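Source file start36.cif; content: mmCIF, C-alpha atoms.
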```
data_my_file
#
loop_
_atom_site.label_atom_id
_atom_site.label_comp_id
_atom_site.auth_asym_id
_atom_site.auth_seq_id
_atom_site.Cartn_x
_atom_site.Cartn_y
_atom_site.Cartn_z
CA MET A 1 106.47 177.70 -31.49
CA GLY A 2 107.31 177.11 -35.14
CA PRO A 3 110.91 176.77 -36.40
CA ILE A 4 110.97 179.79 -38.76
CA MET A 5 112.14 183.31 -37.85
CA LEU A 6 111.13 186.04 -40.28
CA ASP A 7 111.65 189.80 -40.56
CA VAL A 8 109.40 192.70 -41.56
CA ALA A 9 109.94 195.62 -43.90
CA GLY A 10 109.33 198.80 -41.96
CA TYR A 11 108.06 200.70 -38.94
CA GLU A 12 104.63 199.05 -39.03
CA LEU A 13 103.27 195.67 -40.09
CA SER A 14 101.67 195.37 -43.50
CA ALA A 15 98.53 193.28 -44.00
CA GLU A 16 100.64 190.60 -45.72
CA GLU A 17 103.07 190.51 -42.78
CA VAL A 18 100.19 190.13 -40.33
CA ASP A 19 99.06 187.08 -42.31
CA MET A 20 102.56 185.60 -42.36
CA LEU A 21 103.01 186.01 -38.61
CA ASP A 22 99.85 183.97 -38.15
CA HIS A 23 101.40 181.03 -40.01
CA PRO A 24 101.87 177.92 -37.81
CA LEU A 25 105.53 177.56 -38.85
CA VAL A 26 106.49 181.04 -37.61
CA GLY A 27 108.05 181.10 -34.16
CA GLY A 28 110.29 184.16 -34.27
CA LEU A 29 110.83 187.60 -35.71
CA ILE A 30 114.04 189.60 -36.04
CA LEU A 31 114.13 193.40 -36.09
CA PHE A 32 116.60 195.50 -38.08
CA THR A 33 117.56 199.18 -38.26
CA ARG A 34 114.82 199.73 -40.84
CA ASN A 35 112.28 198.79 -38.17
CA TYR A 36 113.33 201.56 -35.78
CA HIS A 37 112.36 205.23 -35.92
CA ASP A 38 111.99 206.12 -32.25
CA GLN A 39 111.21 204.48 -28.93
CA GLN A 40 107.43 204.93 -29.10
CA GLN A 41 107.29 203.46 -32.61
CA LEU A 42 109.38 200.47 -31.52
CA SER A 43 107.16 199.89 -28.52
CA ASP A 44 104.05 200.04 -30.71
CA LEU A 45 105.55 197.68 -33.30
CA VAL A 46 106.53 195.06 -30.72
CA ARG A 47 103.11 195.30 -29.05
CA HIS A 48 101.40 194.78 -32.42
CA ILE A 49 103.61 191.76 -33.17
CA ARG A 50 102.71 190.23 -29.84
CA GLN A 51 98.99 190.86 -30.39
CA ILE A 52 98.64 189.29 -33.83
CA SER A 53 101.13 186.40 -33.75
CA ARG A 54 99.69 182.91 -33.57
CA HIS A 55 102.44 181.82 -31.17
CA ASP A 56 104.24 183.66 -28.38
CA VAL A 57 106.99 184.48 -30.85
CA LEU A 58 110.61 185.05 -29.93
CA ILE A 59 111.55 188.62 -30.86
CA ALA A 60 115.24 189.12 -31.61
CA THR A 61 117.69 191.65 -32.96
CA ASP A 62 121.44 192.09 -33.50
CA HIS A 63 122.63 194.50 -30.83
CA GLU A 64 126.26 193.50 -30.33
CA GLY A 65 127.62 197.02 -30.03
CA GLY A 66 129.94 198.98 -32.29
CA ARG A 67 128.95 198.80 -35.95
CA VAL A 68 126.34 196.10 -35.29
CA GLN A 69 123.70 197.85 -33.21
CA ARG A 70 120.28 198.10 -34.81
CA PHE A 71 118.73 200.81 -32.60
CA ARG A 72 120.79 203.92 -31.91
CA GLN A 73 118.90 207.16 -31.32
CA GLY A 74 117.58 206.97 -27.77
CA PHE A 75 119.63 203.87 -26.93
CA SER A 76 123.03 203.69 -25.27
CA ARG A 77 125.90 203.43 -27.75
CA ILE A 78 127.42 200.09 -26.80
CA PRO A 79 131.09 199.96 -27.88
CA ALA A 80 132.51 197.26 -30.11
CA MET A 81 133.63 194.35 -27.98
CA GLY A 82 137.14 194.56 -29.39
CA LYS A 83 137.53 198.08 -27.96
CA ILE A 84 136.85 197.16 -24.34
CA GLN A 85 140.25 195.80 -23.31
CA GLY A 86 142.22 198.72 -24.73
CA ILE A 87 139.99 201.45 -23.30
CA CYS A 88 140.00 199.81 -19.88
CA GLU A 89 143.79 199.58 -19.87
CA GLN A 90 144.05 203.20 -20.97
CA HIS A 91 141.87 204.45 -18.12
CA GLY A 92 142.82 201.98 -15.40
CA LEU A 93 139.45 200.24 -15.43
CA THR A 94 138.84 196.56 -14.69
CA ALA A 95 137.84 195.05 -18.02
CA GLU A 96 135.86 192.18 -16.48
CA ILE A 97 133.65 194.53 -14.45
CA VAL A 98 133.13 196.93 -17.36
CA THR A 99 132.25 194.10 -19.75
CA GLN A 100 129.63 192.73 -17.37
CA GLN A 101 128.12 196.20 -17.02
CA LEU A 102 127.93 196.56 -20.80
CA GLY A 103 126.26 193.17 -21.18
CA TRP A 104 123.71 194.16 -18.55
CA LEU A 105 123.08 197.53 -20.19
CA MET A 106 122.64 196.17 -23.72
CA ALA A 107 120.24 193.49 -22.54
CA SER A 108 118.27 195.71 -20.17
CA GLU A 109 117.51 198.33 -22.80
CA LEU A 110 116.15 195.74 -25.21
CA LEU A 111 114.13 193.97 -22.51
CA ALA A 112 112.54 197.31 -21.66
CA PHE A 113 110.95 197.16 -25.13
CA ASP A 114 109.83 193.53 -24.78
CA ILE A 115 112.55 192.22 -27.08
CA ASP A 116 113.62 188.76 -25.97
CA ILE A 117 117.18 188.38 -27.23
CA SER A 118 120.08 189.99 -28.98
CA PHE A 119 122.14 187.57 -31.06
CA ALA A 120 125.22 188.17 -28.93
CA PRO A 121 128.00 187.83 -28.04
CA VAL A 122 130.40 187.19 -30.91
CA LEU A 123 132.85 184.48 -29.81
CA ASP A 124 134.94 184.56 -32.97
CA ILE A 125 138.66 185.20 -32.72
CA ASN A 126 139.60 188.61 -34.09
CA GLY A 127 141.85 187.18 -36.80
CA ILE A 128 141.91 187.86 -40.54
CA SER A 129 138.14 188.26 -41.05
CA GLN A 130 137.16 191.83 -41.85
CA VAL A 131 133.47 191.13 -41.26
CA ILE A 132 134.33 190.03 -37.71
CA GLY A 133 137.15 192.44 -36.87
CA ASP A 134 136.48 194.29 -33.63
CA ARG A 135 133.11 192.56 -33.22
CA GLY A 136 135.25 189.90 -31.55
CA PHE A 137 136.57 190.58 -28.05
CA SER A 138 140.21 189.84 -28.87
CA ASP A 139 142.70 187.89 -30.95
CA ASP A 140 143.52 185.88 -27.82
CA PRO A 141 141.20 182.96 -26.96
CA LYS A 142 141.83 183.32 -23.20
CA THR A 143 140.82 186.98 -23.28
CA ILE A 144 137.73 186.13 -25.32
CA LEU A 145 136.71 183.52 -22.78
CA THR A 146 137.22 185.91 -19.86
CA LEU A 147 135.44 188.91 -21.32
CA ALA A 148 132.65 187.04 -23.11
CA SER A 149 131.86 185.18 -19.90
CA GLN A 150 131.44 188.49 -18.09
CA PHE A 151 129.36 189.97 -20.89
CA ILE A 152 127.01 186.98 -20.72
CA ARG A 153 126.81 187.20 -16.94
CA GLY A 154 125.67 190.78 -17.40
CA MET A 155 123.04 189.68 -19.92
CA HIS A 156 121.84 186.98 -17.54
CA GLN A 157 121.73 189.46 -14.67
CA ALA A 158 119.40 191.61 -16.77
CA GLY A 159 117.21 188.61 -17.64
CA MET A 160 118.32 187.91 -21.23
CA LYS A 161 119.65 184.65 -22.64
CA ALA A 162 122.89 184.61 -24.65
CA THR A 163 123.63 183.38 -28.18
CA GLY A 164 127.27 182.62 -29.04
CA LYS A 165 128.23 183.05 -32.67
CA HIS A 166 129.53 181.96 -35.15
CA PHE A 167 130.20 178.32 -34.29
CA PRO A 168 132.85 176.91 -34.60
CA GLY A 169 134.55 180.22 -35.47
CA HIS A 170 134.47 182.73 -38.35
CA GLY A 171 137.48 184.85 -37.41
CA ASN A 172 140.21 182.95 -39.26
CA VAL A 173 138.73 183.02 -42.75
CA LEU A 174 138.92 186.16 -44.87
CA GLU A 175 135.72 186.05 -46.93
CA ASP A 176 132.46 187.59 -45.68
CA SER A 177 129.65 185.01 -45.76
CA HIS A 178 127.13 187.77 -46.51
CA VAL A 179 128.58 188.12 -50.00
CA ALA A 180 130.82 185.07 -50.55
CA MET A 181 131.29 181.41 -49.62
CA PRO A 182 134.08 181.36 -47.02
CA ILE A 183 136.24 178.23 -46.86
CA ASP A 184 138.50 177.69 -43.83
CA LYS A 185 141.18 175.26 -45.03
CA ARG A 186 142.98 174.85 -41.72
CA PRO A 187 143.41 171.36 -40.23
CA LYS A 188 140.49 170.35 -38.04
CA GLN A 189 142.74 169.94 -35.03
CA GLN A 190 143.73 173.60 -35.23
CA ILE A 191 140.07 174.67 -35.52
CA PHE A 192 139.09 172.45 -32.59
CA GLU A 193 141.92 173.62 -30.34
CA GLN A 194 141.66 177.35 -31.11
CA ASP A 195 138.25 178.46 -32.36
CA MET A 196 135.86 175.73 -31.22
CA ALA A 197 137.56 175.47 -27.82
CA ILE A 198 136.02 178.84 -26.91
CA PHE A 199 132.51 177.52 -27.54
CA ALA A 200 133.36 174.28 -25.72
CA GLN A 201 134.54 176.06 -22.58
CA MET A 202 131.62 178.50 -22.58
CA SER A 203 129.22 175.57 -22.88
CA GLN A 204 130.96 173.71 -20.05
CA LEU A 205 130.56 176.80 -17.86
CA GLY A 206 126.82 176.71 -18.53
CA LEU A 207 126.83 180.21 -20.01
CA LEU A 208 125.64 179.52 -23.56
CA ASP A 209 121.87 179.39 -24.01
CA ALA A 210 122.03 179.32 -27.80
CA VAL A 211 124.53 179.05 -30.66
CA MET A 212 124.51 180.31 -34.24
CA PRO A 213 126.72 178.32 -36.65
CA ALA A 214 128.80 180.02 -39.32
CA HIS A 215 128.06 179.95 -43.03
CA VAL A 216 131.62 178.71 -43.48
CA ILE A 217 132.92 175.45 -44.97
CA TYR A 218 135.63 173.65 -43.01
CA PRO A 219 136.60 170.98 -45.58
CA ASP A 220 138.78 168.99 -43.19
CA VAL A 221 135.56 168.26 -41.25
CA ASP A 222 132.69 168.43 -43.77
CA ASP A 223 131.98 169.72 -47.27
CA LEU A 224 128.85 171.52 -46.06
CA PRO A 225 128.84 174.90 -44.27
CA ALA A 226 128.59 174.41 -40.50
CA GLY A 227 124.99 175.60 -40.31
CA PHE A 228 123.87 172.89 -42.73
CA SER A 229 126.07 170.12 -41.39
CA SER A 230 124.81 167.38 -39.09
CA THR A 231 128.47 166.58 -38.41
CA TRP A 232 129.02 170.01 -36.92
CA ILE A 233 125.65 170.38 -35.18
CA LYS A 234 124.59 166.89 -34.16
CA THR A 235 127.93 165.13 -33.77
CA LEU A 236 130.35 167.83 -32.61
CA LEU A 237 128.09 170.40 -30.94
CA ARG A 238 125.38 168.18 -29.48
CA GLU A 239 127.29 164.95 -28.78
CA GLN A 240 130.92 165.92 -28.30
CA LEU A 241 130.31 169.23 -26.52
CA ALA A 242 127.04 168.03 -24.90
CA PHE A 243 125.36 171.33 -25.83
CA ASP A 244 121.64 171.28 -25.03
CA GLY A 245 120.78 174.87 -25.91
CA VAL A 246 119.11 176.33 -28.98
CA VAL A 247 120.78 176.24 -32.41
CA PHE A 248 119.82 179.06 -34.79
CA SER A 249 120.78 179.11 -38.43
CA ASP A 250 122.35 182.30 -39.69
CA ASP A 251 120.32 184.17 -42.31
CA LEU A 252 119.48 181.76 -45.14
CA SER A 253 119.49 184.58 -47.71
CA MET A 254 123.24 185.17 -47.25
CA GLN A 255 125.60 184.24 -50.06
CA GLY A 256 127.26 181.66 -47.85
CA ALA A 257 124.02 179.66 -47.88
CA VAL A 258 123.17 179.84 -51.58
CA GLN A 259 125.17 176.78 -52.66
CA ILE A 260 122.80 174.54 -50.66
CA GLY A 261 119.98 175.15 -53.14
CA ASP A 262 116.79 177.20 -53.29
CA ILE A 263 115.50 178.90 -50.16
CA VAL A 264 113.15 176.04 -49.23
CA THR A 265 115.95 173.50 -49.60
CA ARG A 266 118.21 175.66 -47.43
CA ALA A 267 115.61 175.83 -44.67
CA GLN A 268 114.89 172.11 -44.76
CA THR A 269 118.59 171.20 -44.87
CA ALA A 270 119.37 173.42 -41.87
CA ILE A 271 116.51 171.92 -39.87
CA ASP A 272 117.53 168.38 -40.83
CA ALA A 273 121.11 169.17 -39.76
CA GLY A 274 119.89 170.07 -36.28
CA CYS A 275 118.92 173.76 -36.26
CA ASP A 276 116.00 174.47 -33.94
CA MET A 277 115.09 177.72 -35.69
CA VAL A 278 116.11 179.07 -39.11
CA LEU A 279 116.27 182.72 -40.13
CA VAL A 280 114.84 183.93 -43.44
CA CYS A 281 115.63 187.63 -43.73
CA ASN A 282 115.68 190.36 -46.37
CA ASP A 283 113.76 188.20 -48.83
CA PRO A 284 109.94 188.53 -48.49
CA LYS A 285 109.32 186.37 -51.55
CA GLY A 286 111.64 183.70 -50.21
CA ALA A 287 109.95 183.82 -46.82
CA GLY A 288 106.62 183.09 -48.47
CA GLN A 289 108.17 180.22 -50.41
CA VAL A 290 109.56 178.71 -47.20
CA LEU A 291 106.20 178.91 -45.42
CA ASP A 292 104.44 177.39 -48.42
CA GLY A 293 107.12 174.81 -49.21
CA LEU A 294 107.92 173.27 -45.83
CA ALA A 295 105.75 170.61 -44.27
CA SER A 296 103.32 172.08 -41.75
CA ASP A 297 104.04 169.30 -39.26
CA LEU A 298 107.72 170.11 -38.74
CA PRO A 299 108.93 169.57 -35.16
CA GLN A 300 108.16 172.52 -32.93
CA ALA A 301 111.10 174.50 -31.58
CA GLU A 302 110.49 173.58 -27.94
CA ARG A 303 114.00 174.57 -26.80
CA VAL A 304 113.42 178.09 -28.09
CA LYS A 305 110.82 178.73 -25.40
CA ARG A 306 113.65 178.81 -22.86
CA LEU A 307 114.90 182.02 -24.46
CA LYS A 308 111.76 184.01 -23.72
CA HIS A 309 112.33 186.79 -21.24
CA LYS A 310 110.33 187.30 -18.05
CA GLN A 311 111.32 190.81 -17.06
CA GLU A 312 108.63 193.49 -16.99
CA PHE A 313 109.91 197.05 -16.83
CA ASP A 314 109.79 199.95 -19.24
CA PHE A 315 112.57 202.28 -20.29
CA SER A 316 111.71 205.02 -17.81
CA GLN A 317 111.81 202.51 -14.95
CA LEU A 318 115.15 201.21 -16.19
CA GLN A 319 116.60 204.71 -16.19
CA GLN A 320 115.84 205.04 -12.49
CA GLN A 321 118.03 202.10 -11.53
CA ASP A 322 121.43 202.72 -9.93
CA GLU A 323 123.00 200.05 -12.14
CA TYR A 324 121.86 201.98 -15.20
CA HIS A 325 123.57 205.15 -14.03
CA ARG A 326 126.78 203.27 -13.22
CA ALA A 327 126.79 201.79 -16.73
CA GLN A 328 126.26 205.23 -18.27
CA ARG A 329 129.29 206.58 -16.43
CA VAL A 330 131.37 203.71 -17.81
CA LEU A 331 130.23 204.54 -21.36
CA GLU A 332 131.71 208.03 -21.03
CA TYR A 333 135.20 206.53 -21.27
CA PHE A 334 134.35 204.97 -24.65
CA HIS A 335 132.83 208.07 -26.20
CA ALA A 336 135.13 210.77 -24.86
CA LYS A 337 136.27 213.18 -27.56
#
```
Output the structure of this file as structure tokens.
Amino acid sequence: MGPIMLDVAGYELSAEEVDMLDHPLVGGLILFTRNYHDQQQLSDLVRHIRQISRHDVLIATDHEGGRVQRFRQGFSRIPAMGKIQGICEQHGLTAEIVTQQLGWLMASELLAFDIDISFAPVLDINGISQVIGDRGFSDDPKTILTLASQFIRGMHQAGMKATGKHFPGHGNVLEDSHVAMPIDKRPKQQIFEQDMAIFAQMSQLGLLDAVMPAHVIYPDVDDLPAGFSSTWIKTLLREQLAFDGVVFSDDLSMQGAVQIGDIVTRAQTAIDAGCDMVLVCNDPKGAGQVLDGLASDLPQAERVKRLKHKQEFDFSQLQQQDEYHRAQRVLEYFHAK
């Protein structure tokens, strides 16, 4: 399984994309809203990807809930994680139980289409960051730990591995790394004790299967963004927190990654820093440059194989399960007019 995760342009694979997916460096593919028209089309697309890929690629998407949910028509509308606590209090529901049901539901619907993982949950504190906002469970680290743990338990119950993001925490910096270079100037002790502590405790509980570092600079620790920093990944995450799961880079085409250099340099730097798999999205030309520019004998992403799912059920079979109907009843509280 190669260390590069790519994307594709539309509802079907082009001839060029078929060739790229056969490249020995490609080990993953991420799907976006532009890749979804309806359930049958999605099923056909995933089947085609599986058929033509050189490796048993990891297929991923971003299906957090709320404003970050790539497939909508025909899928359950998962609420934003930051809405759960308030709605549960309003209706006298137990937030921990509801959150686990939502994690199970989100994961089960994707697994029914042979999609391995959603890059979820967000473990960032809901602080000053507008790009995080209600994608985070709360502004309180203890609540985040409680609810995120239950969400992951629901994902695991369904058969999906969990990816915590954005290590060590994106919620307390204002800029959006999609369009700017965020710099979190807080003292490292504050970052360690507030933001990173959530990742540390989740890792200690054995709940995190993967982590995605932030495209954020924390100058009191390192001058490089976390996803390109061996200090953050190798020293703090791997050694200090003893994390043995998968490390994904965030999308290397984002503005928060540009300062590292050209797209090939970004990919190589992220891999050298300790990322097991790097994402090159929304930049077909750049994807080709990465595949041509990186050495073909890069280390294989062996850890990533652990994230492959083993469940085999389709959507109609899922809809017959009692757990599915219980989760649908819970959703009614979130979408009541």
Among the residues A:Asp44, A:Met254, A:Arg34, A:Ala327, the one that comes closest to Gln69 (chain A) [using all atoms listed in the file]: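 Ranked by minimum distance to Gln69 (chain A), first place goes to A:Arg34.
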Which residues come within 8 Å of Thr146 (chain A), counting only C-alpha atoms, excluding same-chain residues fewer than 4 positions away, as a PyMOL selection string? chain A and resi 96+142+150
Would you kindly return, as a ChimeraX atom specification, each protein, DNA or RNA residue with an atom no farther than 9 Å from any atom of region 172-176 of chain A, considering only C-alpha atoms and excluding same-chain residues fewer than 2 positions away? /A:124-132,169-170,178-186,195,216,255-256
Taking only C-alpha atoms into account, name the residue in A:Pro3, A:Met106, A:Met160, A:Ile191 that is nearest to His55 (chain A). A:Pro3
Explicit residues for the PyMOL selection byres ((chain A and resi 219-226) around 8) (as a CSV table (one decimal) with C-alpha atoms, in the coordinates of the input):
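Dumped to out03.csv:
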```
chain,number,residue,atom,x,y,z
A,167,PHE,CA,130.2,178.3,-34.3
A,168,PRO,CA,132.8,176.9,-34.6
A,183,ILE,CA,136.2,178.2,-46.9
A,184,ASP,CA,138.5,177.7,-43.8
A,185,LYS,CA,141.2,175.3,-45.0
A,186,ARG,CA,143.0,174.8,-41.7
A,187,PRO,CA,143.4,171.4,-40.2
A,188,LYS,CA,140.5,170.4,-38.0
A,213,PRO,CA,126.7,178.3,-36.6
A,214,ALA,CA,128.8,180.0,-39.3
A,215,HIS,CA,128.1,180.0,-43.0
A,216,VAL,CA,131.6,178.7,-43.5
A,217,ILE,CA,132.9,175.4,-45.0
A,218,TYR,CA,135.6,173.6,-43.0
A,227,GLY,CA,125.0,175.6,-40.3
A,228,PHE,CA,123.9,172.9,-42.7
A,229,SER,CA,126.1,170.1,-41.4
A,231,THR,CA,128.5,166.6,-38.4
A,232,TRP,CA,129.0,170.0,-36.9
A,233,ILE,CA,125.6,170.4,-35.2
A,256,GLY,CA,127.3,181.7,-47.8
A,257,ALA,CA,124.0,179.7,-47.9
```
